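Visitor: Okay, so here is final-v5.cif, and as you'll see once you scroll down, it has mmCIF, C-alpha atoms.
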```cif
data_start
#
loop_
_atom_site.label_atom_id
_atom_site.label_comp_id
_atom_site.auth_asym_id
_atom_site.auth_seq_id
_atom_site.Cartn_x
_atom_site.Cartn_y
_atom_site.Cartn_z
CA MET A 1 101.11 31.85 -209.10
CA ASN A 2 103.19 30.17 -206.45
CA ILE A 3 100.80 28.22 -204.19
CA THR A 4 102.45 27.68 -200.81
CA ARG A 5 101.40 25.51 -197.89
CA ARG A 6 100.55 28.71 -195.98
CA LEU A 7 98.15 29.81 -198.72
CA LEU A 8 96.58 26.36 -198.82
CA GLY A 9 96.13 26.47 -195.04
CA LYS A 10 94.43 29.87 -195.23
CA ALA A 11 92.18 28.63 -198.01
CA ALA A 12 91.22 25.59 -195.98
CA LEU A 13 90.39 27.76 -192.95
CA GLY A 14 88.33 30.04 -195.13
CA LEU A 15 86.40 27.13 -196.59
CA ALA A 16 85.82 25.69 -193.10
CA GLY A 17 84.53 29.05 -191.86
CA ALA A 18 82.25 29.43 -194.86
CA THR A 19 80.95 25.90 -194.35
CA LEU A 20 80.24 26.65 -190.66
CA LEU A 21 78.41 29.87 -191.56
CA MET A 22 76.32 27.98 -194.06
CA GLN A 23 75.54 25.30 -191.47
CA LEU A 24 74.34 27.68 -188.72
CA PRO A 25 71.27 29.02 -190.51
CA ALA A 26 70.64 25.56 -191.89
CA MET A 27 70.45 24.23 -188.35
CA ALA A 28 67.78 26.81 -187.52
CA GLN A 29 65.99 26.09 -190.77
CA ASP A 30 66.05 22.37 -189.95
CA ARG A 31 63.50 23.11 -187.23
CA PRO A 32 59.93 23.10 -188.50
CA ALA A 33 57.92 26.31 -188.43
CA PRO A 34 57.33 28.17 -186.18
CA PHE A 35 60.51 27.06 -184.43
CA ASP A 36 62.71 28.26 -187.27
CA LYS A 37 62.06 31.64 -185.58
CA PRO A 38 61.60 30.52 -181.96
CA GLY A 39 61.79 34.00 -180.46
CA ALA A 40 58.43 34.77 -182.01
CA VAL A 41 56.79 31.75 -180.33
CA LYS A 42 54.89 32.59 -177.13
CA ILE A 43 53.54 29.88 -174.81
CA ALA A 44 51.86 29.94 -171.40
CA LEU A 45 51.86 27.62 -168.40
CA VAL A 46 48.58 27.91 -166.46
CA ARG A 47 48.98 26.32 -163.03
CA TYR A 48 46.51 25.09 -160.43
CA LEU A 49 48.90 23.49 -157.91
CA SER A 50 52.23 25.12 -157.11
CA THR A 51 52.91 24.39 -153.43
CA GLY A 52 55.66 21.86 -152.73
CA ASP A 53 58.94 20.67 -154.17
CA PHE A 54 57.33 18.61 -156.94
CA PHE A 55 55.70 21.63 -158.53
CA GLN A 56 58.79 23.80 -158.23
CA ALA A 57 60.81 21.09 -159.99
CA TYR A 58 58.09 20.73 -162.63
CA LEU A 59 58.25 24.48 -163.28
CA SER A 60 62.06 24.35 -163.55
CA GLY A 61 61.70 21.63 -166.22
CA VAL A 62 59.18 23.70 -168.18
CA GLU A 63 61.50 26.70 -167.98
CA ALA A 64 64.57 24.69 -169.01
CA GLN A 65 62.92 23.17 -172.10
CA ALA A 66 61.38 26.51 -173.11
CA LYS A 67 64.81 28.14 -172.81
CA ALA A 68 66.44 25.37 -174.86
CA LEU A 69 63.85 25.94 -177.60
CA GLY A 70 64.26 29.71 -177.33
CA VAL A 71 60.54 30.44 -176.88
CA ASP A 72 58.82 33.12 -174.80
CA LEU A 73 57.24 31.48 -171.72
CA ARG A 74 54.58 33.13 -169.55
CA VAL A 75 53.67 31.51 -166.20
CA LEU A 76 50.21 32.12 -164.72
CA ASP A 77 49.63 30.69 -161.22
CA SER A 78 46.11 30.38 -159.78
CA ARG A 79 47.26 28.97 -156.42
CA GLN A 80 44.48 26.38 -156.27
CA ASP A 81 41.71 28.80 -157.22
CA ALA A 82 39.71 26.88 -159.84
CA ALA A 83 37.76 29.89 -161.12
CA LEU A 84 40.92 31.98 -161.36
CA GLN A 85 42.69 29.22 -163.30
CA ALA A 86 39.88 29.24 -165.88
CA ASP A 87 40.17 33.05 -166.10
CA MET A 88 43.93 32.69 -166.58
CA VAL A 89 43.36 30.56 -169.68
CA ASP A 90 41.39 33.51 -171.07
CA GLN A 91 44.24 35.83 -170.02
CA ALA A 92 46.69 33.65 -171.94
CA ILE A 93 44.43 33.79 -175.00
CA ALA A 94 44.35 37.60 -174.72
CA LEU A 95 48.16 37.66 -174.48
CA GLY A 96 48.28 36.13 -177.96
CA VAL A 97 50.06 32.91 -177.04
CA GLN A 98 50.27 30.14 -179.63
CA GLY A 99 50.31 27.33 -177.05
CA ILE A 100 49.10 26.65 -173.50
CA ILE A 101 50.10 24.01 -170.94
CA ILE A 102 47.35 23.46 -168.38
CA GLN A 103 48.94 22.06 -165.22
CA HIS A 104 46.50 20.29 -162.87
CA GLY A 105 43.05 21.66 -162.07
CA LEU A 106 39.48 20.46 -161.91
CA THR A 107 37.72 18.97 -164.92
CA GLU A 108 34.54 20.96 -164.35
CA SER A 109 36.33 24.31 -164.32
CA MET A 110 38.96 23.61 -167.00
CA LYS A 111 36.95 21.72 -169.62
CA ASP A 112 35.22 24.81 -171.08
CA ALA A 113 38.29 27.02 -170.63
CA ALA A 114 40.43 24.56 -172.57
CA GLN A 115 37.82 24.42 -175.34
CA ARG A 116 37.85 28.23 -175.59
CA ALA A 117 41.59 28.08 -176.20
CA VAL A 118 41.18 25.41 -178.89
CA ASP A 119 38.40 27.47 -180.52
CA ALA A 120 40.81 30.42 -180.60
CA GLY A 121 43.27 28.34 -182.64
CA ILE A 122 45.65 27.78 -179.75
CA LYS A 123 47.40 24.44 -179.23
CA VAL A 124 46.86 23.00 -175.75
CA VAL A 125 48.32 20.16 -173.70
CA ALA A 126 47.15 19.19 -170.21
CA PHE A 127 49.27 17.74 -167.42
CA ASP A 128 47.39 15.77 -164.77
CA VAL A 129 44.00 17.28 -165.48
CA ASN A 130 41.38 15.58 -167.66
CA VAL A 131 39.83 18.28 -169.84
CA GLU A 132 37.84 15.66 -171.78
CA ASN A 133 38.98 16.92 -175.17
CA PRO A 134 40.25 14.61 -177.96
CA LYS A 135 42.27 17.49 -179.44
CA ILE A 136 44.26 18.01 -176.24
CA PRO A 137 47.07 15.55 -175.41
CA GLN A 138 47.20 14.38 -171.80
CA ILE A 139 50.64 14.42 -170.20
CA GLU A 140 50.69 11.73 -167.51
CA GLN A 141 53.12 10.22 -165.04
CA SER A 142 51.52 6.82 -165.52
CA ASP A 143 49.74 7.37 -162.23
CA ARG A 144 48.36 3.85 -162.12
CA ASP A 145 51.92 2.51 -162.34
CA LEU A 146 53.07 4.95 -159.64
CA ALA A 147 50.45 3.54 -157.28
CA ARG A 148 51.08 -0.04 -158.39
CA LEU A 149 54.83 0.12 -157.76
CA ALA A 150 54.38 1.63 -154.30
CA LEU A 151 51.65 -0.85 -153.32
CA GLU A 152 53.58 -3.86 -154.62
CA GLN A 153 56.43 -2.79 -152.35
CA ALA A 154 53.99 -2.43 -149.46
CA VAL A 155 52.83 -6.02 -149.97
CA LYS A 156 56.43 -7.20 -150.31
CA ASP A 157 57.38 -5.50 -147.03
CA ASN A 158 54.25 -6.22 -144.98
CA GLY A 159 52.61 -9.31 -146.44
CA GLU A 160 49.07 -9.50 -147.81
CA SER A 161 47.12 -8.66 -144.66
CA TRP A 162 47.26 -5.32 -142.81
CA LYS A 163 45.21 -2.37 -141.62
CA ALA A 164 45.69 0.74 -143.70
CA GLY A 165 45.14 4.45 -143.59
CA TYR A 166 44.65 6.09 -146.98
CA VAL A 167 45.13 9.74 -147.97
CA TYR A 168 42.96 10.82 -150.91
CA VAL A 169 41.23 13.88 -152.33
CA ALA A 170 38.76 13.15 -155.12
CA GLY A 171 38.45 15.24 -158.27
CA ILE A 172 42.18 15.64 -158.99
CA ALA A 173 42.99 13.57 -162.08
CA PRO A 174 46.32 12.02 -160.93
CA LEU A 175 44.89 11.18 -157.49
CA ASP A 176 41.79 9.68 -159.09
CA ARG A 177 43.94 7.45 -161.31
CA ARG A 178 46.06 6.37 -158.34
CA ASN A 179 42.86 5.64 -156.43
CA GLU A 180 41.75 3.24 -159.19
CA THR A 181 44.86 1.15 -158.50
CA TRP A 182 44.26 1.26 -154.74
CA VAL A 183 40.70 0.00 -155.26
CA GLU A 184 42.03 -2.84 -157.45
CA PHE A 185 44.66 -3.78 -154.85
CA LYS A 186 42.06 -4.05 -152.09
CA LYS A 187 40.07 -6.41 -154.30
CA LYS A 188 43.16 -8.47 -155.12
CA TYR A 189 44.33 -8.67 -151.49
CA SER A 190 41.29 -9.20 -149.31
CA GLY A 191 43.46 -9.00 -146.21
CA ILE A 192 44.11 -5.29 -146.79
CA ASN A 193 41.64 -3.48 -144.56
CA GLU A 194 41.26 0.27 -145.14
CA VAL A 195 40.21 1.56 -141.71
CA ALA A 196 40.47 5.30 -142.47
CA MET A 197 40.38 7.58 -145.49
CA PHE A 198 41.26 11.25 -145.13
CA GLY A 199 42.96 14.06 -147.04
CA THR A 200 42.97 17.75 -147.90
CA LEU A 201 44.67 20.14 -150.33
CA ASP A 202 44.41 23.09 -147.95
CA ASN A 203 47.68 25.04 -147.79
CA PRO A 204 50.14 24.23 -146.37
CA ILE A 205 49.17 20.74 -147.50
CA ALA A 206 51.61 18.73 -145.36
CA ASN A 207 50.61 20.51 -142.15
CA SER A 208 46.90 20.24 -142.95
CA VAL A 209 47.22 16.49 -143.60
CA ALA A 210 49.26 16.10 -140.41
CA ASN A 211 46.37 17.59 -138.43
CA GLN A 212 44.02 15.00 -139.91
CA ALA A 213 46.50 12.13 -139.47
CA ARG A 214 46.84 12.88 -135.75
CA SER A 215 43.13 12.18 -135.28
CA VAL A 216 43.26 9.07 -137.47
CA LEU A 217 46.18 7.59 -135.55
CA SER A 218 44.47 8.33 -132.24
CA ALA A 219 41.33 6.51 -133.41
CA HIS A 220 43.20 3.66 -135.15
CA PRO A 221 46.50 2.96 -133.36
CA ASP A 222 46.64 -0.48 -135.00
CA ILE A 223 47.23 0.93 -138.52
CA LYS A 224 50.34 -0.71 -140.01
CA VAL A 225 50.51 0.93 -143.46
CA MET A 226 49.76 4.47 -144.63
CA PHE A 227 49.24 4.81 -148.36
CA ALA A 228 49.75 8.49 -149.17
CA PRO A 229 50.14 8.68 -152.97
CA TYR A 230 51.41 12.28 -153.14
CA ASP A 231 54.56 13.36 -151.34
CA GLU A 232 52.98 16.34 -149.56
CA PHE A 233 50.44 13.86 -148.13
CA ALA A 234 53.29 11.56 -147.06
CA LYS A 235 55.13 14.43 -145.36
CA GLY A 236 52.02 15.23 -143.34
CA VAL A 237 51.50 11.61 -142.33
CA LYS A 238 55.14 11.33 -141.29
CA ILE A 239 54.83 14.39 -139.05
CA ALA A 240 51.90 12.76 -137.22
CA VAL A 241 53.53 9.31 -137.06
CA ASP A 242 56.74 10.77 -135.61
CA GLU A 243 54.84 12.82 -133.03
CA ALA A 244 52.92 9.71 -131.95
CA GLY A 245 56.16 7.73 -131.62
CA LEU A 246 54.88 5.15 -134.11
CA ASN A 247 57.68 5.44 -136.65
CA LYS A 248 58.83 1.85 -135.96
CA ASP A 249 55.28 0.47 -136.12
CA ILE A 250 53.94 2.08 -139.32
CA LYS A 251 55.30 2.18 -142.84
CA ILE A 252 54.44 4.95 -145.31
CA TYR A 253 54.23 4.40 -149.07
CA SER A 254 53.87 7.33 -151.43
CA ALA A 255 54.24 8.78 -154.90
CA ASP A 256 56.55 11.57 -156.08
CA ILE A 257 60.00 12.57 -154.78
CA SER A 258 62.08 15.62 -153.91
CA THR A 259 65.33 16.39 -152.10
CA SER A 260 63.44 17.05 -148.86
CA ASP A 261 61.56 13.75 -149.31
CA ILE A 262 64.87 11.93 -149.71
CA ALA A 263 66.16 13.47 -146.47
CA ALA A 264 62.97 12.41 -144.67
CA MET A 265 63.21 8.85 -145.99
CA ARG A 266 66.88 8.59 -144.98
CA GLU A 267 66.29 9.57 -141.36
CA PRO A 268 67.12 6.81 -138.83
CA ASP A 269 64.06 4.61 -138.27
CA SER A 270 62.03 6.66 -140.76
CA ALA A 271 58.52 5.31 -141.34
CA TRP A 272 58.67 6.44 -145.00
CA ALA A 273 59.60 3.15 -146.65
CA ALA A 274 59.19 3.71 -150.40
CA THR A 275 57.88 5.99 -153.09
CA ALA A 276 57.31 5.68 -156.80
CA ALA A 277 58.16 8.71 -158.87
CA THR A 278 58.96 10.32 -162.13
CA ASN A 279 61.39 13.21 -162.23
CA PRO A 280 59.08 16.24 -162.06
CA ALA A 281 61.58 18.36 -163.99
CA VAL A 282 61.55 15.76 -166.79
CA VAL A 283 57.73 15.79 -166.80
CA GLY A 284 57.89 19.56 -167.21
CA GLN A 285 60.25 19.16 -170.15
CA VAL A 286 57.99 16.56 -171.75
CA SER A 287 55.01 18.91 -171.39
CA VAL A 288 56.80 21.62 -173.37
CA ARG A 289 58.05 19.18 -175.99
CA ALA A 290 54.57 17.74 -176.59
CA LEU A 291 53.21 21.26 -177.00
CA ALA A 292 56.06 22.10 -179.39
CA GLN A 293 55.22 19.07 -181.50
CA LEU A 294 51.60 20.22 -181.76
CA LEU A 295 52.72 23.70 -182.79
CA ALA A 296 54.95 22.15 -185.46
CA GLY A 297 52.07 20.09 -186.84
CA GLU A 298 53.31 16.82 -185.35
CA ASP A 299 51.29 14.37 -183.27
CA PRO A 300 52.76 13.50 -179.84
CA GLY A 301 49.85 11.11 -179.22
CA HIS A 302 46.81 11.67 -177.04
CA ASN A 303 48.33 10.08 -173.92
CA VAL A 304 51.95 11.13 -173.43
CA ILE A 305 53.14 8.92 -170.58
CA VAL A 306 56.34 9.35 -168.56
CA PRO A 307 57.34 6.02 -166.93
CA PRO A 308 57.94 5.96 -163.14
CA THR A 309 60.72 4.52 -160.99
CA LEU A 310 60.37 2.72 -157.63
CA ILE A 311 62.60 4.31 -154.99
CA THR A 312 62.98 2.56 -151.65
CA GLN A 313 64.52 3.74 -148.41
CA LYS A 314 67.09 0.95 -148.86
CA ASP A 315 68.02 2.27 -152.34
CA LEU A 316 68.67 5.73 -150.94
CA ILE A 317 70.86 4.48 -148.11
CA ASP A 318 72.72 1.73 -150.00
CA LYS A 319 73.49 4.00 -152.97
CA ASP A 320 74.19 7.02 -150.73
CA ILE A 321 71.56 9.12 -152.52
CA LYS A 322 71.09 12.42 -150.69
CA ASN A 323 69.38 14.69 -153.23
CA MET A 324 67.72 14.82 -156.63
CA GLU A 325 71.08 15.22 -158.38
CA ASP A 326 72.35 11.99 -156.79
CA LEU A 327 69.09 10.27 -157.73
CA SER A 328 69.48 11.20 -161.39
CA ALA A 329 73.16 10.19 -161.40
CA LYS A 330 72.72 6.86 -159.60
CA LEU A 331 69.35 5.86 -161.08
CA PRO A 332 69.83 6.87 -164.75
CA GLN A 333 66.28 5.87 -165.72
CA PHE A 334 65.12 8.74 -163.51
CA ALA A 335 67.23 11.43 -165.23
CA HIS A 336 65.64 11.57 -168.68
CA ALA A 337 62.58 10.27 -170.47
CA ASP A 338 62.89 9.68 -174.19
CA VAL A 339 59.27 10.79 -174.61
CA ALA A 340 58.02 13.41 -177.09
CA MET A 341 61.64 13.77 -178.22
CA PRO A 342 61.92 14.37 -181.99
CA ALA A 343 65.42 15.07 -183.26
CA TRP A 344 64.79 18.77 -183.87
CA ILE A 345 63.96 19.55 -180.21
CA PRO A 346 67.08 20.24 -178.11
CA ASN A 347 67.57 18.19 -174.95
CA PRO A 348 68.10 20.63 -172.05
CA ASN A 349 69.88 17.88 -170.10
CA ALA A 350 72.57 17.36 -172.75
CA LYS A 351 76.04 18.15 -171.47
#
```
What is this file in structure tokens?
Guide:
Amino acid sequence: MNITRRLLGKAALGLAGATLLMQLPAMAQDRPAPFDKPGAVKIALVRYLSTGDFFQAYLSGVEAQAKALGVDLRVLDSRQDAALQADMVDQAIALGVQGIIIQHGLTESMKDAAQRAVDAGIKVVAFDVNVENPKIPQIEQSDRDLARLALEQAVKDNGESWKAGYVYVAGIAPLDRRNETWVEFKKKYSGINEVAMFGTLDNPIANSVANQARSVLSAHPDIKVMFAPYDEFAKGVKIAVDEAGLNKDIKIYSADISTSDIAAMREPDSAWAATAATNPAVVGQVSVRALAQLLAGEDPGHNVIVPPTLITQKDLIDKDIKNMEDLSAKLPQFAHADVAMPAWIPNPNAK
């Protein structure tokens, strides 16, 4: 037989094609069960809070990571109805899901609901709600660090002695953790005088907080710092501060970030001086990955913590950051968290 270069070339192409075909199923098989057949995996996201840019971005991250894994995602939204959220966990159980992400909520209403899911053999992770269950990993933004970074910047900008207004609603796990840091800061800096505490989660949150902040500013016009450790709180405070014409006299420090927050911070003479934040879309991705690890028999750890980034008004202006895409591009530590990231889980951010 006369073996020509053309025949050798065809043979090489054939071998390459066969090798590729052999590699494709192997890649799927490299994923642990049940993700070797991801289309058969059904998970649910059961939400308490959904109003605001943070929660929309969080949802987009959950959806992106679920799509990258190829799993069937169901989203159940209670719209801040605690009893309904507990019922939705039961709905998810009835749907036959293998995994549930509980996003925010109240400990008293979600503790038993989460236990019912565990008793049904369902894997559960909880983001920013303490369900007091050692079998359920807690996804956290390192809320204490979020508060610490913002408050350290407040001290840097304003010194160690000032009158403060504080926006807080008790019973929400991330706000409670941020409050612990605030309490510690007031002990550390005796010159910080909290003259007013207020807050609400009534929808629309920013407008409801603005109504409260108007009264606070009227009663305490000498407030120099507003600590509002949730961006919807900060938006409300800014509305009231702007209306009172106090934007040059008061500085606002917050937690969390969105494109609309960036625009508000970049306004000329904006009172919103700094925020500390994780990328909510990345937190959503981490939530799905931690749940996937549980389903695969791996241990993501009980506290899965996404580290935050301090973002100042000066950063946004000096680096010409106008939106979340700019923020991720110009502050790379904000774009991705190498958390709950085993090699077999695809990175939805990979180009």
Visitor: Report the distance between atom CA of A:Ala44 and atom CA of A:Arg116 in Å, rounded to one decimal place.
Guide: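 That distance, rounded to one decimal, is 14.7 Å.
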Visitor: Where does stretch 133-222 of chain A meet stretch 238-245 of chain A within 7 Å, residue by residue, with the nearest atom pair and distance in Å to one decimal for each, counting only C-alpha atoms, listed by chain and rising number, as a Markdown table?
Guide:
```
| residue | atom | partner | partner_atom | distance |
| --- | --- | --- | --- | --- |
| A:Ala210 | CA | A:Ala240 | CA | 5.3 |
| A:Ala213 | CA | A:Ala240 | CA | 5.9 |
| A:Arg214 | CA | A:Ala240 | CA | 5.3 |
```
Visitor: Just C-alpha atoms for this one: save the residues we selected as a PDB file, in the frame of the given file.
Guide:
```pdb
ATOM      1  CA  ALA A 210      49.260  16.100-140.410  1.00  0.00           C
ATOM      2  CA  ALA A 213      46.500  12.130-139.470  1.00  0.00           C
ATOM      3  CA  ARG A 214      46.840  12.880-135.750  1.00  0.00           C
TER       4      ARG A 214
END
```
Visitor: Please produce, as CSV, a per-residue contact table for stretch 151-225 of chain A versus stretch 126-146 of chain A (criterion: any atom at most 7 Å away, all atoms listed in the file considered), showing the nearest atom pair and its distance in Å to one decimal, sorted by chain then residue number.
Guide:
```
residue,atom,partner,partner_atom,distance
A:Ile172,CA,A:Val129,CA,6.9
A:Ala173,CA,A:Val129,CA,5.1
A:Pro174,CA,A:Asp128,CA,5.5
A:Arg177,CA,A:Arg144,CA,5.8
A:Arg178,CA,A:Arg144,CA,5.1
A:Thr181,CA,A:Arg144,CA,5.7
```
Visitor: Mind writing the picked residues with C-alpha atoms as a short mmCIF file (atom, residue, chain, number, x, y, z; two decimals), in the coordinates of the input?
Guide:
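Wrote part33.cif, looks like this:
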```cif
data_model
loop_
_atom_site.label_atom_id
_atom_site.label_comp_id
_atom_site.auth_asym_id
_atom_site.auth_seq_id
_atom_site.Cartn_x
_atom_site.Cartn_y
_atom_site.Cartn_z
CA ILE A 172 42.18 15.64 -158.99
CA ALA A 173 42.99 13.57 -162.08
CA PRO A 174 46.32 12.02 -160.93
CA ARG A 177 43.94 7.45 -161.31
CA ARG A 178 46.06 6.37 -158.34
CA THR A 181 44.86 1.15 -158.50
#
```
Visitor: I need the output of the PyMOL selection byres ((chain A and resi 121) around 12) for this file as a ChimeraX atom specification; which residues are they?
Guide: /A:93,96-100,114-120,122-124,135,294-295
Visitor: If the PyMOL selection byres ((chain A and resi 278-289) around 7) is run on the structure shown, which residues does it catch, given as JSON, numbers by chain?
Guide: {"A": [54, 57, 58, 59, 60, 61, 62, 65, 66, 139, 141, 256, 277, 290, 291, 292, 293, 306, 307, 308, 309, 334, 335, 336, 337, 339, 340, 341]}
Visitor: As a PDB file with C-alpha atoms, keeping the file's coordinate frame, please: the residues near A:Ile192 (cut-off 6 Å, all atoms listed in the file, same-chain neighbours under 2 positions excluded).
Guide:
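Final file, selection18.pdb:
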```
ATOM      1  CA  SER A 161      47.120  -8.660-144.660  1.00  0.00           C
ATOM      2  CA  TRP A 162      47.260  -5.320-142.810  1.00  0.00           C
ATOM      3  CA  LYS A 186      42.060  -4.050-152.090  1.00  0.00           C
ATOM      4  CA  TYR A 189      44.330  -8.670-151.490  1.00  0.00           C
ATOM      5  CA  SER A 190      41.290  -9.200-149.310  1.00  0.00           C
TER       6      SER A 190
END
```
Visitor: What do you get, as a list in words, if you spell out every residue that the PyMOL selection byres ((chain A and resi 73) around 9) selects here?
Guide: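 This file, filtered by the PyMOL selection byres ((chain A and resi 73) around 9), leaves Val41, Lys42, Ile43, Ala44, Leu45, Val62, Glu63, Ala66, Lys67, Val71, Asp72, Arg74 and Val75 of chain A.
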